[in-house]
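Reading through the C-alpha cells given below for one structure.
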Amino acid sequence: MKPSLIGDLAVYGKYSLVNWMKIIILVVRHGPFDVIRDIRRYPWILVLLQVNSLMWRFIRGRTGRYREATAVVMSDIVSSVIRMMEDVFFRGNRLVIHEDMVPPEIMRAMGLAPFMTELMGILMPMIKPHSVENYIDASENEGIPPDICSLPKSTMGLALKGHLPPALAVVTSNLPCDGGMSSYMLIEKKLKLPVFRLDIPYNFDTDRAVKYFAGELRRMIDWLEAHTPGRMDWERLREICEERNKMLEYELELWDMIRIRPAPLAGEPVWLSHMWNFNVTPGSPASTRIYKRITEMGRKNLEEGVSSIKDERYRALLWNPPMIHFIDIYNWAEKTYGISLIMDSMTFNRIPMIDTGTQDSMLEGLGRTIMAGPMARHTRGPAKNYLDDIFHIHKHFDIDMVWVAGHIGCKNTQALNGMLRELCRRESIPLLIINYDLSDPRIVSREGIIEQIDHFMENIMKAEKMAS
Amino acid sequence: MGLASSGVTYYGGCDVGSTTGKAVILNRDGIAATAVIPSEIDPAETAEKVLNEALKGIDGLRDIRDLAYLIGTGYGRNEVPFANENISEISCHAMGTHYCDPDIRTIIDIGGQDVKAVSIDEHGAVLEFVMNDKCAAGTGRFLEMMSRIFRMDLDAFSELSLKAGKKIAITSQCSVFAETEVISLLSKRKPPEEIAAGIQASVAKRSFTLLKKVGIQPAVAATGGCAKNKGLIAALTAYLRQDIKPLPVDPQLVGALGAAVSAQRKA
C-alpha cells in the first residue's frame with residue numbers, strides 16, 4: 001500500500017472525529033452541567049477532555065500504516081481516558097485509588113474501579129505541558145523538598161488541593177522509589193482513607209520472593225474484600241491474565257519485526273501502546289485488539305518492505321521514562337534527524353507469560369510482572385539489571401545510540417548513569433544523557449531538551465538535519 | 001572572491017560568545033590575524049565588528065567577503081554575516097585545541113556563561129562532552145561577580161588568589177548565595193587572598209566534576225577566557241593531580257581558531 005495524501009488526511013479526519021464523538025457522548029451522558037460542576041471540583045477533567053489534541057502531535061508528518069497505527073493507539077487512549085472518567089463520574093462506589101506498582105488486574109477481577117493517581121501526573125503534562133505545575137508548587141509550598149521527583153509531587157499536590165476523586169480505599173506499595181513511597185503517607189493523612197501497602201521484596205529474582213509477593217497479593221485481596229464491596233472472581237482474573245498473555249504474544253511479534261532495519265513501525269505504536277495497555281488497561285479485550293491491529297499493520301509493512309519513516313538514518317533507545325512534557329519527541333526526532341526511537345526502558349521487559357493454571361500461579365505471575373517491571377527492576381539494583389538490559393537492547397535491536405532521559409528528580413538512576421557512561425565509552429556506544437525534569441518543563445524546557453539533542457547529534461553523531 | 005589583493009587565500013573563524021566575540025583569520029602559514037571584543041547585544045553586530053577588527057591586521061584584506069571560507073561558532077553562530085556555515089563551539093574547541101597540540105585528549109572550556117568538558121580523539125573529533133549551561137556558579141560570569149566584590153579586575157583577583165597559603169571553602173552552591181557568603185567572610189576580616197583562593201577552588205571543583213564525567217585522559221588543556229586565570233588553572237591542576245598543558249595560542253581564541261581551521265579544511 002502506497003501512502004497517499006488523501007489517505008493520510010482521511011486517517012486523521014476519521015480517528016479524530018471518532019475520538020471527539022466519544023468525548024461528546026461522555027459529556028452528554030454525564031450531563032453538561034454536571035461536567036462543568038465536576039470540572040470546577042476536579043480541574044484535571046478539563047485537561048483530560050482535551051486528550052485528543054495529542055493525536056495531531058503524534059501523527060503529524062507520518063504516513064501510511066505508521067500514521068494509522070499511531071492513530072489507532074491514540075484512539076485507544078481516548079477511549080481509555082473516557083472509561084477512567086466514567087469510573088469517576090458513575091462508579092465512585094467502586095473506586096479504589098492505587099499506586100502505579102499495584103497490579104490493576106486484581107482490582108478489575110474484583111469488580112472494582114482502579115484509579116491510578118500517578119497517571120494524572122503523567123497524562124496531564126502529555127496533554128498540556130504546564131498543567132501539573134500548580135500541583136508541584138502546592139507540594140513544595142507544604143514543605144515537600146524541591147529535589148523530590150516531580151511525579152509524586154504532582155500526586156501529592158492533587159491530594160493537597162482536594163482534587164482526588166472520592167474513593168473507598170487506597171492501595172500502594174514500597175516501590176518504585178522513596179519519593180513515590182512517602183507520597184502515600186501524605187495522601188493517607190489527607191484523604192483519611194484505609195490504606196494497604198504491598199511489601200515488594202528487594203531481592204525479587206528468587207522463588208522465595210515470588211511466593212512471598214504472591215502472599216502479599218493474597219493479603220491485599222483479603223484486605224480489599226474487607227474494606228470495599230469488591231469480591232474476588234478468580235475466573236474473571238483468569239480471563240484477564242489470558243487476555244494479557246495474548247497481548248504479550250502480539251507485542252513479542254512486534255518486537256521481532258522492529259529488529260529489522262528500517263523498522264516497519266516505531267514510536268508510539270511501540271512505546272505508548274505498551275505504556276498504556278500493559279499498565280493502565282492490562283487484560284482488557286480492547287487492549288488485545290489494539291495490539292492485534294498494530295501487529296498486523298507492522299507485518300504488512302514488513303511484507304511490502306515499507307519503512308515506518310521514509311529515511312531511517314539512526315535507531316535510538318530512550319532509557320528512563322519518556323519526556324512527558326515533550327511527548328512528541330519521537331515525532332520531532334524522526335522529522336529532524338531521521339531517528340527511529342525503537343525501544344525504551346518502560347516498554348522493554350523480560351516478563352514471562354502468566355500461568356493461569358491455579359490461583360497461586362496467577363498471583364505469582366502478576367507478582368513477577370510488577371517485580372520485574374521497568375521501574376522496579378531497573379532502579380533498585382543491582383546495577384546489572386539496568387546496565388545489562390541497555391546493552392542487550394543495543395545489540396538485539398541494532399541500536400545506534402542510547403539516549404537517557406536524565407530526570408533530575410530520579411536519585412535512583414544518577415549513579416547508574418555514571419556507570420553507564422563509563423561502559424558506553426568502553427563499548428564505543430554514543431550516549432546522550434538529557435538533563436530534564438519528568439513533569440516540570442520549568443526546569444528544562446522543550447527548547448532546552450532540543451538544544452541538548454542538537455549538540456549531541458552535531459558533535460558526536462556528525463548528523464545533519466533533514467531537509468524540511 | 002576568496003583572495004586578498006596580495007593573492008593570499010584567507011579563511012575565517014568567528015566565535016560569538018556571550019561575553020566576547022573572537023575572530024581568527026588563517027592562511028596557509030598559520031594564524032594571520034586575531035581579534036577579541038566585548039559582545040554587543042546583537043550577535044550579528046558582534047561578529048561584524050570582531051571580524052572587521054581582525055581584518056585590520058592584514059594588508060590587502062578589507063572585506064569579510066574576501067575570506068575564502070568563513071565559519072561561525074558560539075551561541076551567536078547563526079548570526080555571523082557572510083558565514084558559509086556554522087559549527088557547534090564544542091567541535092570548534094576540539095578542532096582548535098587539536099590544531100594547537102595533537103596530544104590533547106581532554107578539554108575544559110570555561111566560558112563566560114557555560115562550562116564544557118570535552119574528550120577528543122587523535123584526529124580532534126569529539127568523543128564525548130558534557131556541559132553546564134544552567135548554573136552561573138562555575139562560569140566566567142561568576143568569577144567576574146566575585147572580583148567585583150573585591151573591587152579588582154580579574155587579573156588582579158587571580159594574582160590575589162595565588163598568594164594564599166591556604167583557602168577558605170566557599171560552600172554555597174548558588175552564585176547568588178556565594179556572593180552573600182563572600183561578603184560575609186570579608187566583613188569578618190578573613191584574609192582576602194584565602195577567600196579568593198576558595199572562590200577559585202569552587203569553580204575548579206565544578207570543572208573537575210564535569211571533566212570526570214567525560215573521563216580524564218592526558219593531556220588536558222583549558223580553553224575559553226577563564227583559562228587565562230592563573231589562579232583558576234592552579235586550583236584545577238590541584239584537583240586533577242596532573243598538569244594542564246598550556247596552548248601556544250590565547251586560550252580564549254581556541255573556538256574561533258577551530259572554526260578557522262575547519263574553514264580551511266572545507267574550502
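Identifiers in this document derive from the order of the C-alpha cells: chains are assigned A, B, ..., residues are numbered from 1 separately in each chain, and ligands are numbered from 1 in order of occurrence.
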Can you list every residue of chain B that has an atom at most 7 Å from chain A, with its nearest atom pair and the distance in Å to one decimal, using only C-alpha atoms, ordered by chain then number, as a Markdown table?
| residue | atom | partner | partner_atom | distance |
| --- | --- | --- | --- | --- |
| B:Ile90 | CA | A:Asn459 | CA | 6.8 |
| B:Ser91 | CA | A:Asn459 | CA | 5.8 |
| B:Val126 | CA | A:Ile460 | CA | 6.0 |
| B:Leu127 | CA | A:Ile460 | CA | 6.2 |
| B:Glu128 | CA | A:Ile460 | CA | 6.8 |
Fewer than 3 positions away in the same chain doesn't count, so skip those; otherwise give me all residues within 10 Å of region 86-90 of chain A, counting only C-alpha atoms, as a list in words.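 After dropping sequence-adjacent residues, the list is Leu26, Val27, Arg29, His30, Asp34, Val35, Asp38, Ser80, Val81, Ile82, Arg83, Asn93, Arg94, Leu95, Leu112, Ala113, Pro114, Phe115, Leu164, Pro165, Pro166 and Ala167 of chain A.
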Which residues, written as a list in words, have at least one atom at most 10 Å from Glu181 (chain B), with only C-alpha atoms counted and residues fewer than 6 positions away on the same chain left out? Ile170, Thr171, Ser172, Ser175, Ser187 and Ile195 of chain B
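With only C-alpha atoms as the atoms that count, the residue of B:Gly112, B:Gly96, B:Gly255, B:Pro102 with the shortest distance to Phe142 (chain B) is B:Gly112.
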Excluding Asp250 (chain B) and any residue of its chain fewer than 6 positions from it, enumerate the residues within 12 Å of it, using only C-alpha atoms, and give them as a PDB file with N, CA and C atoms, in the first residue's frame.
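And here is the file that came out, result.pdb:
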ATOM      1  N   LYS B  22      35.152  36.665  19.218  1.00  0.00           N
ATOM      2  CA  LYS B  22      36.537  36.357  18.847  1.00  0.00           C
ATOM      3  C   LYS B  22      36.594  36.022  17.365  1.00  0.00           C
ATOM      4  N   ALA B  23      37.669  36.471  16.716  1.00  0.00           N
ATOM      5  CA  ALA B  23      37.854  36.125  15.303  1.00  0.00           C
ATOM      6  C   ALA B  23      39.288  35.691  15.081  1.00  0.00           C
ATOM      7  N   VAL B  24      39.453  34.684  14.248  1.00  0.00           N
ATOM      8  CA  VAL B  24      40.800  34.234  13.849  1.00  0.00           C
ATOM      9  C   VAL B  24      40.809  34.114  12.330  1.00  0.00           C
ATOM     10  N   ILE B  31      48.200  31.307  11.706  1.00  0.00           N
ATOM     11  CA  ILE B  31      47.328  32.418  12.117  1.00  0.00           C
ATOM     12  C   ILE B  31      47.862  33.735  11.550  1.00  0.00           C
ATOM     13  N   THR B  34      44.096  38.040  14.590  1.00  0.00           N
ATOM     14  CA  THR B  34      43.072  37.672  15.578  1.00  0.00           C
ATOM     15  C   THR B  34      42.466  38.941  16.168  1.00  0.00           C
ATOM     16  N   ALA B  35      41.317  38.798  16.758  1.00  0.00           N
ATOM     17  CA  ALA B  35      40.705  39.928  17.463  1.00  0.00           C
ATOM     18  C   ALA B  35      39.758  39.411  18.527  1.00  0.00           C
ATOM     19  N   VAL B  36      39.641  40.175  19.592  1.00  0.00           N
ATOM     20  CA  VAL B  36      38.687  39.874  20.670  1.00  0.00           C
ATOM     21  C   VAL B  36      38.007  41.190  21.050  1.00  0.00           C
ATOM     22  N   GLY B  96      40.241  23.338  17.381  1.00  0.00           N
ATOM     23  CA  GLY B  96      41.239  24.370  17.684  1.00  0.00           C
ATOM     24  C   GLY B  96      42.329  23.829  18.593  1.00  0.00           C
ATOM     25  N   THR B  97      41.936  23.074  19.592  1.00  0.00           N
ATOM     26  CA  THR B  97      42.907  22.504  20.532  1.00  0.00           C
ATOM     27  C   THR B  97      43.790  21.486  19.819  1.00  0.00           C
ATOM     28  N   CYS B 100      46.387  23.105  17.794  1.00  0.00           N
ATOM     29  CA  CYS B 100      47.483  23.639  18.616  1.00  0.00           C
ATOM     30  C   CYS B 100      48.391  22.535  19.141  1.00  0.00           C
ATOM     31  N   ALA B 222      43.054  23.618  28.824  1.00  0.00           N
ATOM     32  CA  ALA B 222      41.952  24.506  29.203  1.00  0.00           C
ATOM     33  C   ALA B 222      41.795  25.564  28.123  1.00  0.00           C
ATOM     34  N   THR B 223      40.548  25.817  27.747  1.00  0.00           N
ATOM     35  CA  THR B 223      40.276  26.848  26.744  1.00  0.00           C
ATOM     36  C   THR B 223      39.212  27.801  27.288  1.00  0.00           C
ATOM     37  N   GLY B 224      38.924  28.814  26.510  1.00  0.00           N
ATOM     38  CA  GLY B 224      37.954  29.815  26.956  1.00  0.00           C
ATOM     39  C   GLY B 224      38.654  30.925  27.726  1.00  0.00           C
ATOM     40  N   GLY B 225      37.947  32.011  27.899  1.00  0.00           N
ATOM     41  CA  GLY B 225      38.531  33.187  28.543  1.00  0.00           C
ATOM     42  C   GLY B 225      39.058  32.902  29.932  1.00  0.00           C
ATOM     43  N   CYS B 226      38.382  32.019  30.668  1.00  0.00           N
ATOM     44  CA  CYS B 226      38.792  31.755  32.047  1.00  0.00           C
ATOM     45  C   CYS B 226      40.096  30.967  32.137  1.00  0.00           C
ATOM     46  N   ALA B 227      40.514  30.368  31.026  1.00  0.00           N
ATOM     47  CA  ALA B 227      41.783  29.623  31.042  1.00  0.00           C
ATOM     48  C   ALA B 227      42.965  30.574  31.235  1.00  0.00           C
ATOM     49  N   LYS B 228      42.721  31.874  31.080  1.00  0.00           N
ATOM     50  CA  LYS B 228      43.797  32.856  31.302  1.00  0.00           C
ATOM     51  C   LYS B 228      43.943  33.204  32.783  1.00  0.00           C
ATOM     52  N   ASN B 229      42.991  32.712  33.576  1.00  0.00           N
ATOM     53  CA  ASN B 229      43.001  32.968  35.015  1.00  0.00           C
ATOM     54  C   ASN B 229      43.967  31.974  35.676  1.00  0.00           C
ATOM     55  N   ALA B 256      37.371  30.110  17.990  1.00  0.00           N
ATOM     56  CA  ALA B 256      37.446  30.797  16.691  1.00  0.00           C
ATOM     57  C   ALA B 256      38.524  30.163  15.819  1.00  0.00           C
ATOM     58  N   LEU B 257      39.611  29.739  16.459  1.00  0.00           N
ATOM     59  CA  LEU B 257      40.683  29.077  15.714  1.00  0.00           C
ATOM     60  C   LEU B 257      40.176  27.759  15.116  1.00  0.00           C
TER      61      LEU B 257
END
Please report, as a PyMOL selection string, each residue of region 69-130 of chain B to which DSSP assigns helix (DSSP H, G or I) when run on this structure's backbone. chain B and resi 77-79+89-100
Extract, using only C-alpha atoms, all DNA, RNA and protein residues at most 8 Å from Leu236 (chain B), discarding same-chain residues fewer than 3 positions from it, and format them as a ChimeraX atom specification. /B:201,204-205,207-208,232-233,239-240
Write a file of the just-selected residues containing N, CA and C atoms, as a PDB file, in the first residue's frame.
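Now in part09.pdb:
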ATOM      1  N   ALA B 201      38.832  27.718  43.882  1.00  0.00           N
ATOM      2  CA  ALA B 201      38.688  26.265  44.097  1.00  0.00           C
ATOM      3  C   ALA B 201      37.263  25.811  43.824  1.00  0.00           C
ATOM      4  N   ALA B 204      36.925  25.570  40.162  1.00  0.00           N
ATOM      5  CA  ALA B 204      37.750  24.449  39.691  1.00  0.00           C
ATOM      6  C   ALA B 204      37.081  23.114  39.993  1.00  0.00           C
ATOM      7  N   LYS B 205      36.465  23.027  41.160  1.00  0.00           N
ATOM      8  CA  LYS B 205      35.834  21.764  41.551  1.00  0.00           C
ATOM      9  C   LYS B 205      34.667  21.432  40.619  1.00  0.00           C
ATOM     10  N   SER B 207      34.411  22.371  37.524  1.00  0.00           N
ATOM     11  CA  SER B 207      35.000  21.965  36.244  1.00  0.00           C
ATOM     12  C   SER B 207      35.518  20.532  36.335  1.00  0.00           C
ATOM     13  N   PHE B 208      36.118  20.215  37.467  1.00  0.00           N
ATOM     14  CA  PHE B 208      36.664  18.879  37.677  1.00  0.00           C
ATOM     15  C   PHE B 208      35.545  17.826  37.621  1.00  0.00           C
ATOM     16  N   LEU B 232      42.811  30.096  38.788  1.00  0.00           N
ATOM     17  CA  LEU B 232      41.840  29.038  38.499  1.00  0.00           C
ATOM     18  C   LEU B 232      42.550  27.798  37.952  1.00  0.00           C
ATOM     19  N   ILE B 233      43.482  28.011  37.054  1.00  0.00           N
ATOM     20  CA  ILE B 233      44.217  26.876  36.471  1.00  0.00           C
ATOM     21  C   ILE B 233      45.014  26.150  37.559  1.00  0.00           C
ATOM     22  N   TYR B 239      43.166  19.756  41.698  1.00  0.00           N
ATOM     23  CA  TYR B 239      42.123  18.715  41.688  1.00  0.00           C
ATOM     24  C   TYR B 239      42.475  17.585  40.726  1.00  0.00           C
ATOM     25  N   LEU B 240      43.006  17.954  39.569  1.00  0.00           N
ATOM     26  CA  LEU B 240      43.312  16.957  38.540  1.00  0.00           C
ATOM     27  C   LEU B 240      44.491  16.071  38.915  1.00  0.00           C
TER      28      LEU B 240
END
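Residue nearest Asn412 (chain A), chosen from A:Gly367, A:Gly305, A:Gly381, A:Gly143 and counting only C-alpha atoms: A:Gly381.
One finds CA of Ala109 (chain A) at 4.9 Å from CA of Leu237 (chain A).
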Write out as a VMD selection string each polymer residue whose atoms come within 7 Å of Leu162 (chain B), counting only C-alpha atoms; drop sequence neighbours fewer than 4 positions from it. chain B and resid 158 197 231
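The smallest atom-to-atom distance between Thr46 (chain B) and any of B:Val80, B:Ile216, B:Ile107, B:Leu210, using only C-alpha atoms, is found for B:Val80.
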Between CA of Ala372 (chain A) and CA of Val210 (chain A), distance in Å (one decimal):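 A separation of 10.5 Å between them.
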Pull the strand (DSSP E or B) assignments for region 19-188 of chain B out of DSSP run on the backbone, and list those residues as a VMD selection string. chain B and resid 20 to 27 30 to 38 69 to 73 85 to 86 106 to 110 115 to 120 126 to 132
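Using only C-alpha atoms, the contacts of Pro192 (chain B) at a cut-off of 9 Å, with sequence neighbours closer than 4 positions omitted, comprise Phe150, Leu160, Ser161, Ala164, Leu185, Leu186, Ala196 and Ala197 of chain B.
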